[in-house]
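K.L.:
Coordinates in data.cif, mmCIF, C-alpha atoms, are listed below.
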data_coords
loop_
_atom_site.label_atom_id
_atom_site.label_comp_id
_atom_site.auth_asym_id
_atom_site.auth_seq_id
_atom_site.Cartn_x
_atom_site.Cartn_y
_atom_site.Cartn_z
CA MET J 1 -23.93 156.26 -103.30
CA THR J 2 -23.58 159.16 -105.77
CA VAL J 3 -22.58 162.72 -104.97
CA TRP J 4 -26.24 163.79 -105.34
CA ASP J 5 -27.45 161.70 -102.40
CA ASP J 6 -26.79 164.48 -99.89
CA LEU J 7 -29.05 166.94 -101.74
CA VAL J 8 -32.17 166.36 -99.67
CA GLY J 9 -35.39 167.26 -101.46
CA GLN J 10 -33.60 168.82 -104.44
CA GLU J 11 -34.48 166.37 -107.21
CA LYS J 12 -34.90 169.03 -109.93
CA VAL J 13 -31.58 170.68 -109.08
CA SER J 14 -29.83 167.30 -109.01
CA ALA J 15 -31.21 166.47 -112.46
CA VAL J 16 -29.95 169.77 -113.93
CA LEU J 17 -26.49 169.35 -112.40
CA ASP J 18 -26.28 165.71 -113.46
CA ALA J 19 -27.05 166.66 -117.07
CA ALA J 20 -24.48 169.47 -116.98
CA ALA J 21 -21.85 167.14 -115.49
CA ARG J 22 -22.45 164.62 -118.29
CA ASP J 23 -22.00 167.33 -120.93
CA ALA J 24 -18.90 168.62 -119.15
CA ASP J 25 -17.45 165.12 -119.12
CA ALA J 26 -18.17 164.74 -122.85
CA LEU J 27 -16.56 168.11 -123.52
CA VAL J 28 -13.33 167.26 -121.69
CA THR J 29 -13.21 163.83 -123.32
CA ALA J 30 -13.70 165.37 -126.78
CA VAL J 31 -10.91 167.89 -126.22
CA SER J 32 -8.54 165.21 -124.91
CA ALA J 33 -9.26 162.94 -127.86
CA GLU J 34 -9.21 165.84 -130.34
CA GLN J 35 -12.79 165.03 -131.35
CA PRO J 36 -15.44 167.57 -132.46
CA LEU J 37 -17.05 169.37 -129.52
CA PRO J 38 -20.72 168.69 -128.69
CA GLU J 39 -22.97 171.18 -130.46
CA ALA J 40 -25.41 171.83 -127.63
CA SER J 41 -24.22 171.70 -124.03
CA LYS J 42 -25.97 172.21 -120.71
CA MET J 43 -22.60 173.09 -119.17
CA THR J 44 -21.54 176.68 -118.57
CA HIS J 45 -18.59 178.38 -116.90
CA ALA J 46 -20.43 180.12 -114.00
CA TRP J 47 -23.24 178.96 -111.72
CA LEU J 48 -25.19 180.74 -108.98
CA PHE J 49 -26.78 178.58 -106.25
CA THR J 50 -29.38 180.32 -104.10
CA GLY J 51 -31.78 179.15 -101.43
CA PRO J 52 -32.78 179.69 -97.80
CA PRO J 53 -30.51 178.65 -94.93
CA GLY J 54 -30.37 174.89 -94.61
CA ALA J 55 -31.48 174.17 -98.17
CA GLY J 56 -27.99 172.89 -98.98
CA ARG J 57 -26.70 175.36 -101.57
CA ASN J 58 -23.06 174.84 -100.54
CA GLN J 59 -23.54 171.06 -100.57
CA ALA J 60 -25.08 171.25 -104.05
CA ALA J 61 -22.15 173.29 -105.35
CA ARG J 62 -19.61 170.89 -103.81
CA ALA J 63 -21.45 167.85 -105.17
CA PHE J 64 -21.34 169.44 -108.63
CA ALA J 65 -17.62 170.14 -108.21
CA ALA J 66 -17.10 166.47 -107.33
CA ALA J 67 -19.06 165.32 -110.39
CA LEU J 68 -16.97 167.58 -112.62
CA GLN J 69 -13.76 166.08 -111.19
CA CYS J 70 -15.03 162.47 -111.28
CA VAL J 71 -12.52 160.01 -112.76
CA SER J 72 -14.52 156.82 -112.33
CA PRO J 73 -13.76 154.29 -115.10
CA ASP J 74 -17.51 153.60 -115.33
CA ARG J 75 -17.91 156.84 -117.29
CA ALA J 76 -16.36 155.16 -120.33
CA LEU J 77 -19.07 152.49 -120.12
CA GLY J 78 -21.91 155.00 -120.11
CA GLY J 79 -21.96 155.67 -116.37
CA ALA J 80 -22.72 159.13 -115.03
CA PRO J 81 -19.96 161.26 -113.49
CA GLY J 82 -20.32 161.77 -109.76
CA CYS J 83 -19.85 158.22 -108.47
CA GLY J 84 -18.90 159.45 -104.99
CA PHE J 85 -16.11 156.88 -104.54
CA CYS J 86 -13.28 157.73 -106.96
CA ASP J 87 -10.34 159.89 -105.96
CA GLY J 88 -11.70 162.91 -107.80
CA CYS J 89 -15.10 162.74 -106.09
CA HIS J 90 -13.69 161.88 -102.68
CA THR J 91 -11.15 164.72 -102.50
CA ALA J 92 -13.56 167.28 -103.94
CA LEU J 93 -16.20 166.42 -101.33
CA LEU J 94 -13.62 166.59 -98.53
CA GLY J 95 -12.26 169.91 -99.79
CA THR J 96 -8.73 168.63 -100.45
CA HIS J 97 -8.77 168.47 -104.27
CA ALA J 98 -5.93 170.53 -105.74
CA ASP J 99 -8.19 171.98 -108.44
CA VAL J 100 -11.17 172.86 -106.24
CA THR J 101 -10.61 176.14 -104.39
CA THR J 102 -13.11 177.13 -101.71
CA VAL J 103 -13.59 180.74 -100.63
CA ALA J 104 -15.62 181.45 -97.50
CA ALA J 105 -16.09 184.64 -95.52
CA VAL J 106 -13.89 184.74 -92.44
CA GLY J 107 -15.36 187.97 -91.09
CA ALA J 108 -18.31 190.09 -92.14
CA GLU J 109 -16.97 190.46 -95.70
CA ILE J 110 -14.83 188.67 -98.26
CA LEU J 111 -12.00 191.15 -98.78
CA VAL J 112 -10.29 191.75 -102.11
CA LYS J 113 -6.98 190.58 -100.66
CA ASP J 114 -8.62 187.24 -99.89
CA MET J 115 -9.70 186.93 -103.55
CA ARG J 116 -6.54 188.01 -105.40
CA ASP J 117 -4.76 184.65 -105.33
CA THR J 118 -8.01 182.84 -106.09
CA VAL J 119 -8.77 185.01 -109.11
CA ARG J 120 -5.20 184.52 -110.30
CA LYS J 121 -5.55 180.76 -109.93
CA SER J 122 -8.79 180.77 -111.92
CA PHE J 123 -6.81 181.70 -115.04
CA THR J 124 -4.51 178.69 -114.76
CA ALA J 125 -5.06 175.24 -116.23
CA PRO J 126 -6.05 172.39 -113.88
CA ALA J 127 -3.05 170.84 -112.14
CA ASN J 128 -4.29 167.24 -112.22
CA GLY J 129 -8.08 167.44 -112.34
CA ARG J 130 -10.46 167.83 -115.23
CA TRP J 131 -11.54 171.38 -114.34
CA GLN J 132 -10.27 174.34 -112.35
CA ILE J 133 -13.17 175.02 -109.96
CA ILE J 134 -13.65 178.09 -107.74
CA LEU J 135 -16.38 177.64 -105.10
CA VAL J 136 -17.44 180.87 -103.30
CA GLU J 137 -19.59 179.82 -100.36
CA ASP J 138 -20.63 183.30 -99.20
CA ALA J 139 -21.01 185.30 -102.40
CA GLU J 140 -23.36 187.72 -100.63
CA ARG J 141 -20.41 188.81 -98.47
CA LEU J 142 -18.28 189.97 -101.38
CA ASN J 143 -17.58 193.67 -100.89
CA GLU J 144 -17.39 196.10 -103.80
CA LYS J 145 -13.72 195.51 -104.60
CA SER J 146 -13.76 191.73 -104.24
CA ALA J 147 -16.98 191.52 -106.28
CA ASN J 148 -15.37 193.51 -109.07
CA ALA J 149 -12.41 191.12 -109.05
CA VAL J 150 -14.79 188.16 -109.40
CA LEU J 151 -16.69 189.95 -112.17
CA LYS J 152 -13.56 190.34 -114.28
CA ALA J 153 -12.77 186.64 -113.87
CA VAL J 154 -16.32 185.55 -114.69
CA GLU J 155 -16.50 187.82 -117.75
CA GLU J 156 -13.45 186.26 -119.40
CA PRO J 157 -12.85 182.85 -117.81
CA ALA J 158 -10.18 180.38 -118.78
CA PRO J 159 -11.45 177.50 -121.00
CA ARG J 160 -11.41 174.88 -118.21
CA THR J 161 -12.45 177.09 -115.27
CA VAL J 162 -15.84 176.90 -113.54
CA TRP J 163 -17.13 179.41 -110.95
CA LEU J 164 -19.69 178.19 -108.39
CA LEU J 165 -21.22 181.03 -106.35
CA CYS J 166 -23.55 180.47 -103.38
CA ALA J 167 -25.83 183.11 -101.84
CA PRO J 168 -29.19 183.24 -100.01
CA SER J 169 -30.96 185.00 -102.90
CA ILE J 170 -30.22 186.28 -106.39
CA GLU J 171 -30.58 189.87 -105.15
CA ASP J 172 -27.57 189.36 -102.85
CA VAL J 173 -25.23 189.20 -105.88
CA LEU J 174 -24.25 192.05 -108.18
CA PRO J 175 -26.48 192.19 -111.28
CA THR J 176 -23.39 192.20 -113.49
CA ILE J 177 -22.21 188.93 -111.91
CA ARG J 178 -25.53 187.11 -111.76
CA SER J 179 -26.28 187.97 -115.40
CA ARG J 180 -23.25 185.87 -116.36
CA CYS J 181 -24.22 182.87 -114.23
CA ARG J 182 -26.72 180.08 -114.65
CA HIS J 183 -29.08 180.36 -111.68
CA LEU J 184 -30.30 177.39 -109.64
CA ASN J 185 -32.68 178.03 -106.75
CA LEU J 186 -32.89 175.39 -104.02
CA ARG J 187 -36.00 175.04 -101.87
CA THR J 188 -36.26 174.19 -98.21
CA PRO J 189 -36.60 170.39 -98.00
CA SER J 190 -39.69 168.99 -96.33
CA VAL J 191 -39.58 167.89 -92.71
CA ASP J 192 -40.31 164.31 -93.76
CA ALA J 193 -37.42 164.32 -96.28
CA VAL J 194 -34.95 165.55 -93.64
CA ALA J 195 -36.16 163.01 -91.09
CA ASP J 196 -35.86 160.21 -93.64
CA MET J 197 -32.29 161.28 -94.48
CA LEU J 198 -31.29 161.29 -90.80
CA VAL J 199 -32.63 157.77 -90.35
CA ARG J 200 -31.05 156.38 -93.54
CA ARG J 201 -27.71 158.18 -93.56
CA ASP J 202 -26.97 158.78 -89.87
CA GLY J 203 -28.78 155.94 -88.15
CA ILE J 204 -30.87 158.29 -85.99
CA GLU J 205 -33.92 156.82 -84.26
CA PRO J 206 -37.10 157.71 -86.24
CA GLU J 207 -38.73 159.54 -83.30
CA VAL J 208 -35.64 161.69 -82.68
CA ALA J 209 -35.19 162.34 -86.41
CA ALA J 210 -38.79 163.49 -86.78
CA SER J 211 -38.50 165.75 -83.72
CA VAL J 212 -35.30 167.55 -84.78
CA ALA J 213 -36.43 167.85 -88.40
CA ARG J 214 -39.65 169.49 -87.23
CA ALA J 215 -37.78 171.74 -84.78
CA THR J 216 -35.39 173.02 -87.46
CA GLN J 217 -38.11 173.26 -90.16
CA GLY J 218 -36.08 171.48 -92.83
CA HIS J 219 -32.62 172.91 -92.05
CA VAL J 220 -30.51 169.84 -92.84
CA ASP J 221 -27.27 170.80 -91.05
CA ARG J 222 -28.98 172.00 -87.89
CA ALA J 223 -31.21 168.94 -87.79
CA ARG J 224 -28.18 166.66 -88.00
CA ARG J 225 -26.39 168.61 -85.28
CA LEU J 226 -29.37 168.54 -82.93
CA ALA J 227 -29.74 164.81 -83.53
CA THR J 228 -26.10 164.02 -82.79
CA ASP J 229 -24.92 166.72 -80.33
CA PRO J 230 -26.42 166.75 -76.80
CA ALA J 231 -24.81 170.15 -76.11
CA ALA J 232 -26.64 171.66 -79.09
CA ARG J 233 -29.95 170.27 -77.81
CA GLU J 234 -29.30 171.75 -74.38
CA ARG J 235 -28.49 175.18 -75.86
CA ARG J 236 -31.72 175.13 -77.85
CA ALA J 237 -33.71 174.12 -74.76
CA ALA J 238 -32.17 177.03 -72.85
CA VAL J 239 -33.20 179.45 -75.62
CA LEU J 240 -36.78 178.14 -75.58
CA ARG J 241 -36.96 178.70 -71.82
CA LEU J 242 -35.93 182.33 -72.20
CA PRO J 243 -39.37 183.87 -73.03
CA LEU J 244 -40.81 182.73 -69.69
CA ARG J 245 -37.95 184.34 -67.75
CA LEU J 246 -38.41 187.92 -68.97
CA ASP J 247 -40.62 189.11 -66.12
CA GLU J 248 -38.43 192.00 -64.93
CA VAL J 249 -35.60 194.22 -66.19
CA GLY J 250 -32.87 192.38 -64.31
CA ALA J 251 -33.98 189.06 -65.77
CA CYS J 252 -33.90 190.56 -69.29
CA LEU J 253 -30.32 191.77 -68.85
CA LYS J 254 -29.24 188.44 -67.36
CA ALA J 255 -30.83 186.47 -70.21
CA ALA J 256 -29.12 188.68 -72.78
CA GLN J 257 -25.75 188.15 -71.11
CA GLU J 258 -26.28 184.38 -71.08
CA LEU J 259 -27.12 184.33 -74.81
CA VAL J 260 -24.01 186.31 -75.68
CA ASP J 261 -21.81 184.23 -73.37
CA ALA J 262 -23.08 180.99 -74.93
CA ALA J 263 -22.27 182.31 -78.40
CA ALA J 264 -18.82 183.39 -77.24
CA GLU J 265 -18.21 179.92 -75.80
CA ASP J 266 -19.10 178.38 -79.16
CA ALA J 267 -16.59 180.67 -80.88
CA LYS J 268 -13.96 179.84 -78.26
CA GLN J 269 -14.40 176.09 -78.79
CA LEU J 270 -14.01 176.46 -82.53
CA ALA J 271 -10.94 178.64 -82.05
CA GLU J 272 -9.32 176.09 -79.76
CA GLU J 273 -9.88 173.40 -82.39
CA MET J 274 -8.60 175.37 -85.37
CA ASP J 275 -6.33 178.25 -84.32
CA GLY J 276 -3.59 176.20 -82.69
CA LYS J 277 -3.38 173.78 -85.60
CA GLU J 278 -3.28 176.60 -88.16
CA THR J 279 -0.58 178.45 -86.22
CA GLU J 280 1.65 175.40 -85.90
CA GLU J 281 1.21 174.51 -89.58
CA LEU J 282 2.14 178.05 -90.65
CA LYS J 283 5.18 178.09 -88.37
CA ALA J 284 6.34 174.79 -89.84
CA ALA J 285 5.81 176.13 -93.36
CA LEU J 286 7.87 179.21 -92.49
CA GLY J 287 10.73 177.05 -91.26
CA ALA J 288 10.43 177.56 -87.51
CA ALA J 289 11.77 174.74 -85.35
CA GLN J 290 9.43 173.08 -82.85
CA GLY J 291 9.03 175.65 -80.07
CA GLY J 292 11.72 177.84 -81.63
CA ARG J 293 11.72 181.39 -82.97
CA LEU J 294 10.30 182.38 -86.30
CA PRO J 295 12.72 183.36 -89.08
CA ARG J 296 13.19 187.06 -89.69
CA GLY J 297 10.68 188.79 -91.90
CA THR J 298 7.81 186.44 -91.09
CA ALA J 299 6.14 188.43 -88.31
CA GLY J 300 3.79 190.07 -90.80
CA VAL J 301 2.57 186.69 -92.04
CA MET J 302 1.80 185.56 -88.50
CA LYS J 303 0.02 188.86 -87.81
CA ASP J 304 -2.19 188.30 -90.88
CA LEU J 305 -3.10 184.85 -89.58
CA GLU J 306 -3.96 186.24 -86.14
CA ASP J 307 -6.16 188.93 -87.71
CA MET J 308 -7.96 186.31 -89.79
CA GLN J 309 -8.55 184.13 -86.73
CA LYS J 310 -9.90 187.10 -84.79
CA ARG J 311 -12.35 187.91 -87.60
CA ARG J 312 -13.42 184.27 -87.71
CA ARG J 313 -14.10 184.21 -83.95
CA THR J 314 -16.25 187.33 -84.27
CA ARG J 315 -18.22 185.86 -87.13
CA THR J 316 -18.64 182.51 -85.35
CA GLN J 317 -20.04 184.27 -82.30
CA ARG J 318 -22.53 186.21 -84.42
CA ASP J 319 -23.51 183.10 -86.37
CA SER J 320 -24.16 181.26 -83.10
CA LEU J 321 -26.27 184.15 -81.89
CA ASP J 322 -28.19 184.09 -85.15
CA VAL J 323 -29.04 180.41 -84.61
CA ALA J 324 -30.44 181.25 -81.16
CA LEU J 325 -32.45 184.13 -82.62
CA GLY J 326 -33.81 181.79 -85.27
CA ASP J 327 -34.98 179.42 -82.53
CA LEU J 328 -36.69 182.32 -80.75
CA THR J 329 -38.41 183.40 -83.95
CA ALA J 330 -39.73 179.87 -84.50
CA PHE J 331 -40.95 179.81 -80.87
CA TYR J 332 -42.98 183.00 -81.24
CA ARG J 333 -44.25 181.84 -84.63
CA ASP J 334 -45.69 178.81 -82.86
CA VAL J 335 -47.24 181.10 -80.24
CA LEU J 336 -48.84 183.14 -83.01
CA ALA J 337 -50.14 179.98 -84.70
CA LEU J 338 -51.85 178.93 -81.46
CA GLN J 339 -53.32 182.39 -80.94
CA LEU J 340 -54.77 182.49 -84.44
CA GLY J 341 -55.96 178.90 -84.36
CA THR J 342 -54.24 178.01 -87.63
CA ARG J 343 -53.44 174.50 -88.82
CA VAL J 344 -49.76 175.25 -89.27
CA ALA J 345 -47.63 172.46 -87.82
CA ILE J 346 -46.03 173.41 -84.50
CA ALA J 347 -42.24 173.28 -84.77
CA ASN J 348 -41.47 173.31 -81.05
CA ALA J 349 -43.90 170.66 -79.84
CA ASP J 350 -41.47 169.77 -77.04
CA ALA J 351 -42.10 173.22 -75.52
CA GLY J 352 -45.88 172.87 -75.66
CA ASP J 353 -46.56 174.08 -72.09
CA ALA J 354 -44.56 177.30 -72.58
CA LEU J 355 -46.26 177.93 -75.93
CA GLU J 356 -49.73 177.53 -74.40
CA ARG J 357 -48.86 179.79 -71.49
CA LEU J 358 -47.61 182.63 -73.68
CA ALA J 359 -50.40 182.20 -76.21
CA ASN J 360 -53.03 182.52 -73.49
CA GLY J 361 -51.29 185.39 -71.72
CA SER J 362 -50.76 187.73 -74.67
CA THR J 363 -52.32 188.92 -77.90
CA PRO J 364 -51.36 188.21 -81.54
CA GLU J 365 -50.38 191.88 -81.89
CA SER J 366 -47.84 191.62 -79.05
CA THR J 367 -46.47 188.37 -80.50
CA LEU J 368 -45.91 190.09 -83.87
CA ARG J 369 -44.10 192.95 -82.11
CA ARG J 370 -41.85 190.41 -80.40
CA ILE J 371 -41.04 188.74 -83.72
CA GLU J 372 -40.21 192.18 -85.13
CA ALA J 373 -37.92 192.82 -82.13
CA ILE J 374 -35.98 189.64 -82.92
CA SER J 375 -35.68 190.70 -86.58
CA ALA J 376 -34.40 194.12 -85.48
CA CYS J 377 -31.76 192.43 -83.33
CA ARG J 378 -30.56 190.34 -86.28
CA GLU J 379 -30.34 193.45 -88.45
CA ALA J 380 -28.39 195.26 -85.73
CA LEU J 381 -25.89 192.40 -85.55
CA ASP J 382 -25.49 192.57 -89.35
CA ARG J 383 -24.59 196.25 -88.93
CA ASN J 384 -21.88 195.27 -86.41
CA VAL J 385 -23.70 196.62 -83.36
CA ALA J 386 -22.12 195.28 -80.17
CA PRO J 387 -23.81 191.90 -79.55
CA LEU J 388 -24.65 192.54 -75.89
CA LEU J 389 -26.30 195.89 -76.63
CA ALA J 390 -28.36 194.42 -79.49
CA VAL J 391 -29.51 191.41 -77.46
CA GLU J 392 -30.31 193.51 -74.38
CA ALA J 393 -32.51 195.77 -76.50
CA MET J 394 -34.25 192.69 -77.86
CA THR J 395 -34.94 191.07 -74.48
CA MET J 396 -36.38 194.36 -73.16
CA ALA J 397 -38.65 194.55 -76.19
CA LEU J 398 -39.73 190.93 -75.69
CA ARG J 399 -40.68 191.76 -72.11
CA ALA J 400 -42.68 194.81 -73.18
CA GLY J 401 -44.53 192.89 -75.89
#
Step by step, read the file and then write its structure as structure tokens.

P.N.:
Amino acid sequence: MTVWDDLVGQEKVSAVLDAAARDADALVTAVSAEQPLPEASKMTHAWLFTGPPGAGRNQAARAFAAALQCVSPDRALGGAPGCGFCDGCHTALLGTHADVTTVAAVGAEILVKDMRDTVRKSFTAPANGRWQIILVEDAERLNEKSANAVLKAVEEPAPRTVWLLCAPSIEDVLPTIRSRCRHLNLRTPSVDAVADMLVRRDGIEPEVAASVARATQGHVDRARRLATDPAARERRAAVLRLPLRLDEVGACLKAAQELVDAAAEDAKQLAEEMDGKETEELKAALGAAQGGRLPRGTAGVMKDLEDMQKRRRTRTQRDSLDVALGDLTAFYRDVLALQLGTRVAIANADAGDALERLANGSTPESTLRRIEAISACREALDRNVAPLLAVEAMTMALRAG
């Protein structure tokens, strides 16, 4: 199993990255052996991965990072880097490699203070790997100051440093940054490709794999979660029941509260899993005894951690809401497909009765207005509107049609 096996439906991207990893391996080998450098190389110091949600842009960037750090002895015999089993590949894929630094947005933005140490590290030589790799998972969330810090590092990188930036589209990244990156655009994998991956890699029953792949329309991570997590399937089923409940104002307000509460519960569960562990690890690093007081002068560090965890909870809640809104959008898209009599495949076949009922009881124009109301809610959440207010406005608009 190579590092490219998780890139579902991305054969062209895998081929480009594989060729670049081979040239990168030859370059490092030539420098180490004091041999002449290759004249033409497909490797460059900065890459921009774009693609719709679920296409696997972060996975592609991490697979490339693993291939660049591959230390498999087979390389010397003509094998390709990216074996997936050596220490370099394994730690890079897990996110524990000392020379692979991952930056992800904790809140709505990646702040400049979160980038300073990373930018500083990008100018250092690899500690024990072959390359110093900086992977920015949410490049679209760089604010003006943090983007400028990245720009300076990308303009004049260290010889063995590689920047891997991930964003939904090329327009989400500053022109000055993207002009210095090699751009790779990933496409949404087909439903059949996702279903096949779930059967082969996760042992999911073919019928279940086909159902969740169709429901998520090629979103690999969501399909895997629906296939393996009963709670996720129940949350989705609750969202798909919502359109039939919006018959009066009180029901709209209740449905909105339930959506927000479910998202808050998701954020709470994640916080319970991560916050306590992070707090105890930081206390131990600061020298606090088990259950004892913190040393003097460390209160500010703990406050920074608490602020970061609070921002992460807020973002997790909004991300969970966005998943629910995506399910609603797909539901009304299916309604519209039935109303127009198109041959588009129905994503939510398991909610066929509800789809037929709404399709027969409304017009295509009202369905389009409802889809627009969901889009307006998502935009409001992006502008940091209070979640309950945004969702209440949406449910009222869905009722009005």

K.L.:
How would you write, as an MDAnalysis selection string, the residues chosen by the PyMOL selection byres ((chain J and resi 101-112) around 6) on this structure?

P.N.:
chainID J and resid 100 113:115 134:138 141:142 145:146 311:312 315

K.L.:
Quick check on the file I pasted: which residues fall under the PyMOL selection byres ((chain J and resi 117-128) around 7)? Write them as a VMD selection string.

P.N.:
chain J and resid 99 115 to 116 129 to 132 134 150 153 157 to 158 160 to 161

K.L.:
I need the residue nearest J:Arg378 from this list: J:His183, J:Lys277, J:Arg318, J:Arg62. Use only C-alpha atoms for the distance.

P.N.:
J:Arg318

K.L.:
Do you know which residues the PyMOL selection byres ((chain J and resi 362-364) around 12) returns on this file, as a list in words?

P.N.:
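For this structure, the PyMOL selection byres ((chain J and resi 362-364) around 12) resolves to Tyr332, Arg333, Asp334, Val335, Leu336, Ala337, Leu338, Gln339, Leu340, Gly341, Leu355, Glu356, Arg357, Leu358, Ala359, Asn360, Gly361, Glu365, Ser366, Thr367, Leu368, Arg369, Arg370, Ile371, Leu398, Arg399, Ala400 and Gly401 of chain J.
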
K.L.:
Box in all listed atoms of stretch 77-96 of chain J, axis-aligned, with 5 Å more on each side; write out centre and edge lengths in Å to one decimal as JSON.

P.N.:
{"center_x": -15.7, "center_y": 161.2, "center_z": -109.3, "size_x": 24.0, "size_y": 27.4, "size_z": 31.6}

K.L.:
Would you please work out which residue, of J:Glu372, J:Asp327, J:Asp192, J:Asp172, is nearest to J:Ala139 when using all atoms listed in the file?

P.N.:
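Among the listed residues, the smallest separation from J:Ala139 belongs to J:Asp172.
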
K.L.:
Give as a JSON list (two decimals) with C-alpha atoms, in the coordinates of the input the set of residues within 10 Å of the point (-29.6, 187.9, -104.3), where distances use the file's coordinates and all atoms listed in the file.

P.N.:
[["chain", "number", "residue", "atom", "x", "y", "z"],
["J", 48, "LEU", "CA", -25.19, 180.74, -108.98],
["J", 49, "PHE", "CA", -26.78, 178.58, -106.25],
["J", 50, "THR", "CA", -29.38, 180.32, -104.10],
["J", 51, "GLY", "CA", -31.78, 179.15, -101.43],
["J", 139, "ALA", "CA", -21.01, 185.30, -102.40],
["J", 140, "GLU", "CA", -23.36, 187.72, -100.63],
["J", 166, "CYS", "CA", -23.55, 180.47, -103.38],
["J", 167, "ALA", "CA", -25.83, 183.11, -101.84],
["J", 168, "PRO", "CA", -29.19, 183.24, -100.01],
["J", 169, "SER", "CA", -30.96, 185.00, -102.90],
["J", 170, "ILE", "CA", -30.22, 186.28, -106.39],
["J", 171, "GLU", "CA", -30.58, 189.87, -105.15],
["J", 172, "ASP", "CA", -27.57, 189.36, -102.85],
["J", 173, "VAL", "CA", -25.23, 189.20, -105.88],
["J", 174, "LEU", "CA", -24.25, 192.05, -108.18],
["J", 175, "PRO", "CA", -26.48, 192.19, -111.28],
["J", 178, "ARG", "CA", -25.53, 187.11, -111.76]]

K.L.:
Rank nothing, just name the residue among J:Val191, J:Ala376, J:Arg241, J:Leu151 nearest to J:Thr176, using only C-alpha atoms.

P.N.:
J:Leu151
